[in-house]
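Student: Sharing protein00.cif, mmCIF, C-alpha atoms:
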data_protein
#
loop_
_atom_site.label_atom_id
_atom_site.label_comp_id
_atom_site.auth_asym_id
_atom_site.auth_seq_id
_atom_site.Cartn_x
_atom_site.Cartn_y
_atom_site.Cartn_z
CA MET M 1 -2.20 15.15 5.22
CA LYS M 2 1.37 15.30 6.45
CA CYS M 3 2.91 16.92 9.52
CA THR M 4 6.59 17.82 9.20
CA VAL M 5 8.79 19.03 12.06
CA LEU M 6 11.82 20.88 10.76
CA THR M 7 14.39 21.00 13.53
CA ASN M 8 18.08 20.73 14.37
CA PRO M 9 19.85 17.35 14.87
CA VAL M 10 20.02 17.62 18.68
CA GLU M 11 16.31 18.32 19.05
CA ALA M 12 15.55 15.57 16.54
CA ILE M 13 17.43 13.13 18.80
CA TYR M 14 15.47 14.30 21.87
CA LEU M 15 12.18 13.93 20.01
CA VAL M 16 12.96 10.46 18.69
CA THR M 17 14.20 9.30 22.10
CA LEU M 18 10.87 10.41 23.58
CA LEU M 19 8.98 8.49 20.88
CA LEU M 20 11.23 5.47 21.48
CA GLY M 21 10.26 5.53 25.15
CA VAL M 22 6.54 5.54 24.25
CA VAL M 23 6.98 2.67 21.75
CA VAL M 24 8.94 0.54 24.23
CA LEU M 25 6.37 1.11 27.01
CA VAL M 26 3.54 0.07 24.67
CA LEU M 27 5.56 -2.95 23.50
CA ILE M 28 6.30 -4.05 27.07
CA ALA M 29 2.62 -3.73 28.02
CA ILE M 30 1.49 -5.80 25.00
CA TYR M 31 4.26 -8.39 25.30
CA TYR M 32 3.87 -9.13 29.01
CA GLY M 33 0.09 -9.21 28.57
CA LEU M 34 0.36 -11.79 25.81
CA ARG M 35 3.27 -14.03 26.61
CA SER M 36 3.11 -17.48 28.14
CA LYS M 37 3.66 -17.46 31.92
CA ARG M 38 5.25 -20.92 32.06
CA VAL M 39 9.03 -20.87 32.64
CA ARG M 40 11.22 -24.01 32.69
CA TYR M 41 14.90 -23.98 33.67
CA THR M 42 17.28 -26.36 31.88
CA THR M 43 20.98 -27.05 31.60
CA THR M 44 22.95 -25.38 28.80
CA TYR M 45 22.51 -27.12 25.45
CA LEU M 46 25.73 -28.96 24.58
CA SER M 47 24.40 -31.50 22.05
CA GLY M 48 23.57 -33.93 24.86
CA GLU M 49 27.04 -33.77 26.47
CA PRO M 50 27.59 -32.83 30.14
CA GLU M 51 29.03 -29.43 31.09
CA SER M 52 32.40 -31.00 31.84
CA VAL M 53 33.14 -31.23 28.08
CA VAL M 54 33.82 -27.49 27.99
CA SER M 55 36.32 -25.89 30.34
CA SER M 56 34.37 -22.64 30.49
CA ILE M 57 30.81 -21.84 29.47
CA SER M 58 31.87 -18.59 27.80
CA PRO M 59 35.19 -18.00 26.05
CA SER M 60 37.30 -15.28 27.65
CA ILE M 61 37.68 -11.87 26.01
CA ALA M 62 41.38 -12.61 25.43
CA SER M 63 40.51 -15.88 23.62
CA LEU M 64 38.04 -14.08 21.37
CA TYR M 65 40.62 -11.39 20.57
CA TRP M 66 43.45 -13.81 19.80
CA GLY M 67 41.07 -16.11 17.90
CA PHE M 68 40.12 -13.19 15.69
CA MET M 69 43.73 -12.04 15.26
CA ARG M 70 45.06 -15.48 14.42
CA ARG M 71 42.27 -16.67 12.16
CA PHE M 72 41.05 -13.57 10.35
CA ALA M 73 43.80 -11.00 10.68
CA LYS M 74 46.68 -13.43 10.11
CA THR M 75 48.25 -11.52 7.21
CA LEU M 76 48.06 -8.20 9.02
CA TYR M 77 49.44 -9.74 12.18
CA ARG M 78 52.34 -11.41 10.31
CA HIS M 79 53.15 -8.15 8.56
CA LEU M 80 53.27 -6.32 11.89
CA VAL M 81 55.44 -8.99 13.50
CA GLU M 82 57.87 -9.03 10.59
CA SER M 83 58.10 -5.21 10.47
CA VAL M 84 58.29 -4.38 14.16
CA HIS M 85 59.24 -7.47 16.18
CA THR M 86 62.57 -8.14 14.49
CA GLY M 87 64.67 -7.48 17.58
CA SER M 88 66.21 -4.36 16.03
CA LEU M 89 65.26 -0.95 17.38
CA HIS M 90 66.01 0.56 13.93
CA ASP M 91 63.21 -1.51 12.34
CA TRP M 92 60.73 -0.35 14.96
CA TYR M 93 61.80 3.29 14.50
CA ARG M 94 61.62 3.04 10.69
CA PHE M 95 58.12 1.54 10.80
CA LEU M 96 56.80 4.14 13.23
CA SER M 97 58.49 7.15 11.60
CA SER M 98 57.18 6.18 8.14
CA TRP M 99 53.58 6.28 9.42
CA LEU M 100 54.21 9.48 11.39
CA ALA M 101 55.65 11.08 8.27
CA LEU M 102 52.57 10.05 6.29
CA LEU M 103 50.31 11.62 8.95
CA LEU M 104 52.44 14.76 8.96
CA VAL M 105 52.31 15.12 5.15
CA THR M 106 48.54 14.50 5.18
CA SER M 107 48.06 17.17 7.86
CA ILE M 108 50.15 19.70 5.90
CA ILE M 109 48.15 19.00 2.70
CA ALA M 110 44.85 19.30 4.62
CA LEU M 111 45.96 22.60 6.22
CA ALA M 112 47.16 23.96 2.85
CA LEU M 113 43.86 23.00 1.18
CA HIS M 114 41.92 24.59 4.03
CA ALA M 115 43.96 27.81 3.72
CA LEU M 116 43.48 27.88 -0.08
CA MET M 117 39.73 27.35 0.18
CA ARG M 118 39.39 30.22 2.66
CA MET I 1 4.65 20.18 19.94
CA ASP I 2 0.94 20.92 20.07
CA ILE I 3 -1.78 18.31 20.57
CA VAL I 4 -2.29 17.64 16.84
CA GLU I 5 1.42 17.08 16.24
CA THR I 6 1.57 14.78 19.28
CA LEU I 7 -1.33 12.72 17.95
CA TYR I 8 0.34 12.54 14.54
CA ALA I 9 3.61 11.43 16.16
CA LEU I 10 1.92 8.72 18.24
CA PHE I 11 -0.07 7.48 15.24
CA SER I 12 3.12 7.35 13.15
CA VAL I 13 5.28 5.40 15.59
CA LEU I 14 2.54 3.10 16.92
CA ILE I 15 0.25 2.44 13.93
CA PHE I 16 1.38 3.56 10.47
CA PRO I 17 4.13 3.22 9.37
CA GLY I 18 5.42 2.43 12.88
CA LEU I 19 4.98 -0.59 15.10
CA LEU I 20 1.77 -2.18 13.74
CA PHE I 21 2.58 -1.65 10.05
CA LEU I 22 6.20 -2.77 10.48
CA ILE I 23 5.14 -5.95 12.30
CA ALA I 24 2.63 -6.70 9.51
CA LEU I 25 5.37 -6.02 6.95
CA ALA I 26 7.73 -8.34 8.88
CA PHE I 27 5.13 -11.13 8.71
CA PHE I 28 4.70 -10.52 4.97
CA THR I 29 8.49 -10.55 4.50
CA ASP I 30 8.71 -13.82 6.48
CA TYR I 31 5.94 -15.34 4.31
CA PHE I 32 7.52 -14.12 1.07
CA VAL I 33 10.97 -15.45 1.99
CA ARG I 34 9.55 -18.86 2.97
CA LYS I 35 7.23 -19.13 -0.03
CA ILE I 36 9.78 -18.12 -2.67
CA SER I 37 12.49 -20.27 -1.03
CA ALA I 38 10.07 -23.19 -1.08
CA ARG I 39 9.32 -22.68 -4.77
CA TYR I 40 13.07 -22.61 -5.53
CA GLN I 41 13.32 -25.95 -3.71
CA ARG I 42 10.20 -27.42 -5.39
CA ARG I 43 8.15 -27.38 -2.21
CA MET I 44 4.78 -25.76 -1.50
CA GLY I 45 5.85 -23.51 1.39
CA PRO I 46 3.19 -22.05 3.75
CA SER I 47 -0.20 -23.03 2.29
CA TYR I 48 -2.86 -23.73 4.92
CA VAL I 49 -3.28 -20.74 7.28
CA GLY I 50 -5.17 -17.90 5.57
CA PRO I 51 -5.41 -17.33 1.82
CA PHE I 52 -2.33 -18.87 0.12
CA GLY I 53 -0.88 -19.49 3.60
CA ILE I 54 -0.17 -15.78 4.10
CA LEU I 55 -1.17 -15.88 7.81
CA GLN I 56 1.31 -18.67 8.66
CA PRO I 57 3.96 -16.28 10.12
CA LEU I 58 1.30 -14.62 12.33
CA TYR I 59 0.13 -18.06 13.49
CA ASP I 60 3.72 -19.13 14.25
CA PHE I 61 4.32 -15.89 16.18
CA ILE I 62 1.18 -16.31 18.31
CA LYS I 63 2.06 -19.98 18.93
CA LEU I 64 5.56 -19.06 20.13
CA ILE I 65 4.35 -16.16 22.30
CA ARG I 66 1.17 -17.67 23.81
CA VAL I 67 1.53 -21.44 23.78
CA LYS I 68 5.21 -22.30 24.14
CA GLU I 69 6.86 -22.09 27.53
CA VAL I 70 9.94 -19.99 28.22
CA VAL I 71 12.92 -22.34 28.47
CA VAL I 72 15.80 -20.72 30.34
CA PRO I 73 19.28 -22.26 30.40
CA ARG I 74 21.00 -22.43 33.78
CA TYR I 75 23.18 -19.33 33.20
CA GLY I 76 20.54 -17.37 31.29
CA MET I 77 19.02 -13.99 32.15
CA PHE I 78 15.82 -14.20 30.12
CA ARG I 79 14.33 -10.90 31.34
CA VAL I 80 17.42 -9.03 30.11
CA ALA I 81 17.08 -10.86 26.79
CA GLU I 82 13.39 -9.90 26.54
CA VAL I 83 14.03 -6.23 27.36
CA CYS I 84 16.94 -6.03 24.87
CA LEU I 85 14.81 -7.55 22.10
CA LEU I 86 11.88 -5.21 22.88
CA LEU I 87 14.28 -2.24 22.86
CA GLY I 88 15.64 -3.36 19.49
CA ILE I 89 12.11 -3.46 18.05
CA GLY I 90 11.44 -0.03 19.61
CA PHE I 91 14.54 1.48 17.98
CA ILE I 92 13.40 0.35 14.54
CA ALA I 93 9.80 1.53 15.06
CA SER I 94 10.92 4.98 16.25
CA SER I 95 13.42 5.42 13.39
CA ILE I 96 10.51 5.34 10.93
CA VAL I 97 9.76 9.07 11.54
CA PHE I 98 12.83 9.92 9.43
CA LEU I 99 11.44 8.11 6.37
CA PRO I 100 9.12 10.15 4.12
CA LEU I 101 6.50 7.37 4.42
CA SER I 102 5.57 8.63 7.87
CA PRO I 103 2.66 11.13 8.21
CA PHE I 104 4.67 12.67 11.08
CA SER I 105 8.05 13.46 9.60
CA VAL I 106 11.12 14.68 11.50
CA VAL I 107 13.51 16.56 9.23
CA SER I 108 16.88 17.94 10.23
CA GLU I 109 20.38 18.30 8.86
CA PHE I 110 22.30 14.99 9.06
CA ASP I 111 19.15 13.08 10.03
CA VAL I 112 20.43 10.16 7.92
CA LEU I 113 23.06 9.58 10.61
CA ILE I 114 20.43 9.46 13.38
CA PHE I 115 18.35 7.12 11.21
CA PHE I 116 21.35 4.81 10.66
CA TYR I 117 22.13 4.74 14.39
CA LEU I 118 18.53 3.92 15.31
CA SER I 119 17.68 1.49 12.53
CA SER I 120 20.94 -0.37 12.03
CA VAL I 121 23.47 -0.04 14.87
CA MET I 122 21.19 -0.28 17.92
CA PRO I 123 18.96 -3.21 16.80
CA ILE I 124 22.01 -5.36 16.04
CA LEU I 125 23.61 -4.36 19.33
CA MET I 126 20.40 -5.29 21.16
CA LEU I 127 20.28 -8.66 19.37
CA VAL I 128 23.89 -9.34 20.39
CA LEU I 129 23.21 -8.36 24.02
CA ALA I 130 20.05 -10.50 24.09
CA SER I 131 22.01 -13.50 22.75
CA LEU I 132 24.78 -13.01 25.29
CA SER I 133 22.15 -12.90 28.06
CA MET I 134 21.36 -16.53 27.26
CA PRO I 135 24.93 -17.85 27.10
CA GLY I 136 26.14 -21.15 25.75
CA PRO I 137 29.06 -22.26 23.58
CA TYR I 138 27.01 -22.26 20.36
CA THR I 139 25.53 -18.84 21.16
CA ASN I 140 28.96 -17.36 21.83
CA LEU I 141 30.35 -18.79 18.61
CA GLY I 142 27.38 -17.39 16.69
CA VAL I 143 27.76 -13.94 18.28
CA SER I 144 31.51 -13.79 17.58
CA ARG I 145 30.84 -14.76 13.95
CA LEU I 146 28.06 -12.16 13.72
CA LEU I 147 30.33 -9.44 15.05
CA SER I 148 33.14 -10.47 12.69
CA ILE I 149 31.05 -10.15 9.53
CA LEU I 150 29.21 -7.03 10.70
CA THR I 151 32.52 -5.27 11.34
CA ILE I 152 32.94 -5.13 7.57
CA ALA I 153 29.31 -5.13 6.41
CA GLU I 154 27.99 -2.27 8.57
CA PRO I 155 30.43 0.37 7.22
CA ALA I 156 29.55 -0.77 3.70
CA TYR I 157 25.82 -0.48 4.44
CA PHE I 158 26.41 2.92 6.04
CA ALA I 159 28.31 4.22 3.01
CA SER I 160 25.73 2.84 0.58
CA ILE I 161 22.98 4.76 2.42
CA VAL I 162 24.92 7.96 3.04
CA VAL I 163 26.44 8.44 -0.44
CA PRO I 164 23.13 8.83 -2.36
CA VAL I 165 21.79 11.12 0.38
CA TYR I 166 24.93 13.27 0.10
CA LEU I 167 24.72 13.42 -3.69
CA ALA I 168 21.02 14.27 -3.72
CA SER I 169 21.19 16.89 -0.96
CA ARG I 170 24.58 18.51 -1.61
CA HIS I 171 23.08 21.64 -3.19
CA SER I 172 19.98 21.88 -1.06
CA GLN I 173 18.77 22.39 2.49
CA PRO I 174 18.54 20.58 4.84
CA PHE I 175 21.87 18.94 4.04
CA MET I 176 22.13 15.11 4.46
CA SER I 177 18.43 14.73 5.20
CA ILE I 178 16.54 11.67 3.91
CA THR I 179 13.31 13.59 3.29
CA GLY I 180 15.22 16.33 1.49
CA ALA I 181 17.25 13.86 -0.56
CA TYR I 182 14.84 11.16 -1.76
CA ARG I 183 13.07 13.47 -4.23
CA GLY I 184 16.36 14.20 -5.99
CA VAL I 185 17.70 10.64 -6.13
CA HIS I 186 16.07 9.68 -9.45
CA THR I 187 17.78 12.65 -11.17
CA LEU I 188 21.17 11.13 -10.21
CA TYR I 189 20.45 8.23 -12.59
CA ARG I 190 20.55 10.72 -15.53
CA ASP I 191 24.06 12.04 -14.81
CA PRO I 192 26.86 9.83 -16.30
CA LEU I 193 29.14 10.43 -13.29
CA THR I 194 26.59 9.88 -10.54
CA ILE I 195 25.09 6.82 -12.24
CA VAL I 196 28.48 5.09 -11.87
CA VAL I 197 28.41 5.93 -8.16
CA LEU I 198 24.86 4.62 -7.85
CA ILE I 199 25.69 1.32 -9.59
CA LEU I 200 28.54 0.78 -7.10
CA VAL I 201 26.19 1.73 -4.25
CA VAL I 202 23.47 -0.70 -5.41
CA ILE I 203 25.92 -3.66 -5.49
CA ALA I 204 27.41 -2.73 -2.10
CA PHE I 205 23.91 -2.29 -0.66
CA ILE I 206 22.61 -5.67 -1.83
CA VAL I 207 25.68 -7.53 -0.51
CA SER I 208 25.54 -5.72 2.84
CA VAL I 209 21.78 -6.35 3.21
CA GLN I 210 22.42 -10.03 2.50
CA VAL I 211 24.92 -9.99 5.37
CA LYS I 212 22.59 -8.07 7.70
CA ALA I 213 19.80 -10.55 6.95
CA MET I 214 22.27 -13.40 7.60
CA TYR I 215 21.10 -15.21 4.49
CA PRO I 216 23.31 -17.51 2.39
CA PRO I 217 26.11 -17.18 1.46
CA PHE I 218 26.56 -15.19 4.69
CA ASN I 219 24.43 -17.28 7.09
CA ILE I 220 27.50 -17.99 9.19
CA PRO I 221 26.24 -16.67 12.57
CA GLU I 222 23.38 -19.19 12.66
CA ALA I 223 24.99 -21.89 10.53
CA GLU I 224 22.94 -25.05 10.99
CA GLN I 225 24.84 -28.36 10.77
CA GLU I 226 27.82 -26.55 12.32
CA ILE I 227 26.79 -24.60 15.41
CA ILE I 228 23.11 -25.68 15.86
CA ALA I 229 21.39 -22.28 15.52
CA GLY I 230 24.33 -20.04 16.45
CA PHE I 231 23.26 -16.89 18.27
CA LEU I 232 19.62 -18.14 18.31
CA THR I 233 20.39 -21.49 19.99
CA GLU I 234 19.22 -20.64 23.51
CA PHE I 235 16.11 -18.68 22.45
CA SER I 236 12.79 -20.48 22.73
CA GLY I 237 9.09 -19.66 22.88
CA PRO I 238 8.46 -15.92 23.41
CA THR I 239 12.14 -14.91 23.19
CA LEU I 240 12.52 -16.81 19.91
CA ALA I 241 9.38 -15.06 18.59
CA LEU I 242 10.87 -11.65 19.50
CA ALA I 243 14.29 -12.50 18.05
CA ARG I 244 12.75 -13.65 14.75
CA LEU I 245 10.55 -10.54 14.65
CA LEU I 246 13.54 -8.27 15.30
CA HIS I 247 15.48 -10.05 12.55
CA TYR I 248 12.71 -9.47 9.98
CA LEU I 249 12.18 -5.87 11.14
CA ASP I 250 15.90 -5.25 10.62
CA LEU I 251 15.59 -6.59 7.07
CA ASN I 252 12.42 -4.51 6.49
CA ILE I 253 13.93 -1.22 7.56
CA ALA I 254 17.13 -1.85 5.57
CA LEU I 255 15.10 -2.54 2.43
CA LEU I 256 12.83 0.48 3.05
CA ALA I 257 15.91 2.68 3.48
CA GLY I 258 17.28 1.32 0.18
CA VAL I 259 13.95 1.89 -1.58
CA TYR I 260 13.94 5.55 -0.51
CA VAL I 261 17.54 6.71 -0.63
CA ILE I 262 18.90 4.57 -3.50
CA PHE I 263 15.82 4.06 -5.68
CA GLY I 264 13.98 7.32 -4.99
CA GLY I 265 10.94 5.94 -3.12
CA PRO I 266 7.74 6.48 -5.13
CA ALA I 267 9.56 8.28 -8.01
CA PRO I 268 8.54 9.08 -10.73
CA PHE I 269 5.13 9.44 -9.00
CA ASN I 270 4.11 11.61 -6.06
CA HIS I 271 4.24 10.16 -2.59
CA PHE I 272 0.58 10.06 -1.67
CA SER I 273 -0.82 8.81 -4.98
CA LEU I 274 -1.90 5.38 -6.22
CA GLY I 275 1.05 5.24 -8.65
CA GLY I 276 3.44 6.18 -5.84
CA ALA I 277 2.08 3.51 -3.51
CA ILE I 278 2.31 0.85 -6.24
CA MET I 279 5.85 1.95 -7.12
CA LEU I 280 6.92 1.70 -3.46
CA ILE I 281 5.49 -1.82 -3.17
CA VAL I 282 7.06 -2.90 -6.47
CA LYS I 283 10.52 -1.59 -5.50
CA TYR I 284 10.33 -3.24 -2.07
CA VAL I 285 9.21 -6.61 -3.47
CA VAL I 286 11.83 -6.56 -6.26
CA LEU I 287 14.61 -5.88 -3.75
CA LEU I 288 13.29 -8.60 -1.43
CA PHE I 289 13.02 -11.04 -4.35
CA LEU I 290 16.65 -10.32 -5.25
CA VAL I 291 17.75 -11.02 -1.66
CA VAL I 292 15.73 -14.28 -1.55
CA THR I 293 17.12 -15.36 -4.94
CA VAL I 294 20.72 -14.89 -3.79
CA LYS I 295 19.78 -16.78 -0.60
CA ASN I 296 18.58 -19.76 -2.60
CA VAL I 297 21.18 -20.02 -5.33
CA MET I 298 24.30 -19.80 -3.16
CA GLY I 299 25.84 -22.09 -0.56
CA ARG I 300 27.35 -20.98 2.72
CA TYR I 301 30.86 -19.49 2.77
CA ARG I 302 33.43 -20.21 5.42
CA VAL I 303 34.01 -17.26 7.77
CA ASP I 304 37.29 -16.22 6.13
CA GLN I 305 35.79 -16.55 2.62
CA ALA I 306 32.80 -14.47 3.71
CA LEU I 307 35.01 -11.73 5.17
CA VAL I 308 37.03 -11.49 1.97
CA SER I 309 33.87 -11.48 -0.19
CA ILE I 310 32.17 -8.76 1.87
CA PHE I 311 35.37 -6.72 1.72
CA LYS I 312 35.73 -7.13 -2.06
CA TYR I 313 32.12 -6.83 -3.23
CA SER I 314 30.69 -4.47 -0.65
CA LEU I 315 33.15 -2.40 1.37
CA ILE I 316 35.60 -1.55 -1.45
CA LEU I 317 32.74 -0.64 -3.81
CA ALA I 318 31.07 1.50 -1.14
CA VAL I 319 34.33 3.33 -0.33
CA LEU I 320 35.01 3.80 -4.05
CA ALA I 321 31.51 5.26 -4.48
CA ALA I 322 32.15 7.63 -1.56
CA LEU I 323 35.47 8.75 -3.08
CA ILE I 324 33.98 9.34 -6.54
CA SER I 325 31.05 11.24 -5.02
CA THR I 326 33.47 13.75 -3.49
CA PHE I 327 34.56 14.75 -7.04
CA THR I 328 31.02 15.57 -8.17
CA THR I 329 30.02 19.20 -7.99
#
Could you render the structure as structure tokens?
Tutor:
Amino acid sequence: MKCTVLTNPVEAIYLVTLLLGVVVLVLIAIYYGLRSKRVRYTTTYLSGEPESVVSSISPSIASLYWGFMRRFAKTLYRHLVESVHTGSLHDWYRFLSSWLALLLVTSIIALALHALMR
Amino acid sequence: MDIVETLYALFSVLIFPGLLFLIALAFFTDYFVRKISARYQRRMGPSYVGPFGILQPLYDFIKLIRVKEVVVPRYGMFRVAEVCLLLGIGFIASSIVFLPLSPFSVVSEFDVLIFFYLSSVMPILMLVLASLSMPGPYTNLGVSRLLSILTIAEPAYFASIVVPVYLASRHSQPFMSITGAYRGVHTLYRDPLTIVVLILVVIAFIVSVQVKAMYPPFNIPEAEQEIIAGFLTEFSGPTLALARLLHYLDLNIALLAGVYVIFGGPAPFNHFSLGGAIMLIVKYVVLLFLVVTVKNVMGRYRVDQALVSIFKYSLILAVLAALISTFTT
């Protein structure tokens, strides 16, 4: 036997959030009833080295961002630098206006299609 | 909701196919992955606990939860980690009401989007937050690698789930609903245009699930020999048990979603029939076997190689499938 609730997306979210609350409460009750009560505090694991081998325990947000940009988005970054950071205001304007023109043309096409479909 | 519906809802999210069933399925998945991997490597794998060693994952879980102490690094916030991991498990268990397997089924327009948010976005976010609650250099490296590869893999997984649902529900009500769509998915394999879309979707799905499971060649976030255990390094005892459970639940729900929305669930049989049940199990095990096979025959990529591979073999195919699907009537 199956019980189906046909509803709208907002009510579906409310319903599932309610069920999520029940599941998490049950999980917390079971977990804290079962788990070992012994807790031991240690130093951070650094392969046996002292903490002084790292300057900071967590990398900064800026380091993560630039690490990502330099290692994984190198081509994109180089392209942007070569197109925009040339020292000429004309290059910057050309780059920006080309993308704005593309957005403008796309919007006109979308509006025209919308008007035709109506 | 009346009392009967409430009882159905509680049974569905807590017993079947919710929390209890999903945890049992996670233990089976753990056993299957370890056993098949062992056979690929000419080892026995789990053999001693229960028949054919099938209870080994349960035994390991109980050992980690009950016997092992909680080891907390100096800067760790282990209660935050525990709550995040429990929330992640809760998100997956509550998302099950959108799958047709559930006796209590919630159906609405665009419910596939709610399902994706609950079963894919939130569990990974909770895992990341739990890892960052127990900070350390290896953990941070693992988390940044995890976020890098998921930035490309999650959109691919999303598209590979949404495209078949769109195709199967585009002429019916409720639109973009998993329960409404899964019955029509098998008919898409008969249309020459939609079968091309589905082939692209299947490839994109398998690659993105491999990334979500963090199995080779995409096991970069927990790369042993390089960064100890990556995002798992500072977990131990009960928190490690929860993190491993959440990881397998994430794999379970991704495979179950694939079984329903890409392969039509119990099709060509009815849902609540012996043939349907067998077909569901067969499809799940075949998909899992495929994932484990890829895990065992490939070596680990570097991060940049992995990003390019996920982009080429998952994201582009998924976007292409989405574009082609817009031309179908």
Student: Would you kindly translate the PyMOL selection byres ((chain M and resi 26) around 12) into the concrete residues it picks from this file, as a PyMOL selection string?
Tutor: (chain M and resi 19-25+27-33) or (chain I and resi 10+13-15+19-20+86-87+89-90+93)
Student: If you keep C-alpha atoms, can you produce a file of those selected residues as an mmCIF file, in the frame of the given file?
Tutor:
data_model
loop_
_atom_site.group_PDB
_atom_site.id
_atom_site.type_symbol
_atom_site.label_atom_id
_atom_site.label_comp_id
_atom_site.auth_asym_id
_atom_site.auth_seq_id
_atom_site.Cartn_x
_atom_site.Cartn_y
_atom_site.Cartn_z
ATOM 1 C CA LEU M 19 8.980 8.490 20.880
ATOM 2 C CA LEU M 20 11.230 5.470 21.480
ATOM 3 C CA GLY M 21 10.260 5.530 25.150
ATOM 4 C CA VAL M 22 6.540 5.540 24.250
ATOM 5 C CA VAL M 23 6.980 2.670 21.750
ATOM 6 C CA VAL M 24 8.940 0.540 24.230
ATOM 7 C CA LEU M 25 6.370 1.110 27.010
ATOM 8 C CA LEU M 27 5.560 -2.950 23.500
ATOM 9 C CA ILE M 28 6.300 -4.050 27.070
ATOM 10 C CA ALA M 29 2.620 -3.730 28.020
ATOM 11 C CA ILE M 30 1.490 -5.800 25.000
ATOM 12 C CA TYR M 31 4.260 -8.390 25.300
ATOM 13 C CA TYR M 32 3.870 -9.130 29.010
ATOM 14 C CA GLY M 33 0.090 -9.210 28.570
ATOM 15 C CA LEU I 10 1.920 8.720 18.240
ATOM 16 C CA VAL I 13 5.280 5.400 15.590
ATOM 17 C CA LEU I 14 2.540 3.100 16.920
ATOM 18 C CA ILE I 15 0.250 2.440 13.930
ATOM 19 C CA LEU I 19 4.980 -0.590 15.100
ATOM 20 C CA LEU I 20 1.770 -2.180 13.740
ATOM 21 C CA LEU I 86 11.880 -5.210 22.880
ATOM 22 C CA LEU I 87 14.280 -2.240 22.860
ATOM 23 C CA ILE I 89 12.110 -3.460 18.050
ATOM 24 C CA GLY I 90 11.440 -0.030 19.610
ATOM 25 C CA ALA I 93 9.800 1.530 15.060
#
Student: Could you tell me which residues the PyMOL selection byres ((chain M and resi 5-11) around 8) returns for this structure, as a list in words?
Tutor: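 Checking the PyMOL selection byres ((chain M and resi 5-11) around 8) against this file, the residues are Cys3, Thr4, Ala12, Ile13, Tyr14 and Leu15 of chain M; Phe104, Ser105, Val106, Val107, Ser108, Glu109, Phe110 and Asp111 of chain I.
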Student: Give me the residues near Ser36 in chain M as a VMD selection string, where near means some atom within 10 Å (using all atoms listed in the file) and where sequence neighbours in that chain fewer than 6 positions away do not count.
Tutor: chain I and resid 63 to 70 237 to 238
Student: Specify as a list in words each residue included when the PyMOL selection byres ((chain M and resi 64-74) around 9) is applied to this file.
Tutor: Pro59, Ser60, Ile61, Ala62, Ser63, Thr75, Leu76, Tyr77, Arg78 and His79 of chain M; Ser144, Ser148, Val303, Asp304 and Leu307 of chain I
Student: Quick one: write out the picked residues with C-alpha atoms as a compact mmCIF listing (two decimals), in the frame of the given file?
Tutor:
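File written: out13.txt
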# COMPACT_ATOMS: atom_id res chain seq x y z
CA PRO M 59 35.19 -18.00 26.05
CA SER M 60 37.30 -15.28 27.65
CA ILE M 61 37.68 -11.87 26.01
CA ALA M 62 41.38 -12.61 25.43
CA SER M 63 40.51 -15.88 23.62
CA THR M 75 48.25 -11.52 7.21
CA LEU M 76 48.06 -8.20 9.02
CA TYR M 77 49.44 -9.74 12.18
CA ARG M 78 52.34 -11.41 10.31
CA HIS M 79 53.15 -8.15 8.56
CA SER I 144 31.51 -13.79 17.58
CA SER I 148 33.14 -10.47 12.69
CA VAL I 303 34.01 -17.26 7.77
CA ASP I 304 37.29 -16.22 6.13
CA LEU I 307 35.01 -11.73 5.17
Student: Give me, please, the distance in Å between CA of Val112 in chain I and CA of Ser177 in chain I, quoted to one decimal.
Tutor: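 Going from CA of Val112 in chain I over to CA of Ser177 in chain I, I get 5.7 Å.
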Student: If you measure from CA of Arg43 in chain I to CA of Leu290 in chain I, what distance in Å do you get, rounded to one decimal?
Tutor: 19.3 Å
Student: Quick one: residues within 12 Å of range 312-325 of chain I, all atoms listed in the file, excluding same-chain residues fewer than 2 positions away - as an NGL selection string?
Tutor: :I and (149-168 or 170 or 188 or 193-211 or 305-310 or 327-329)
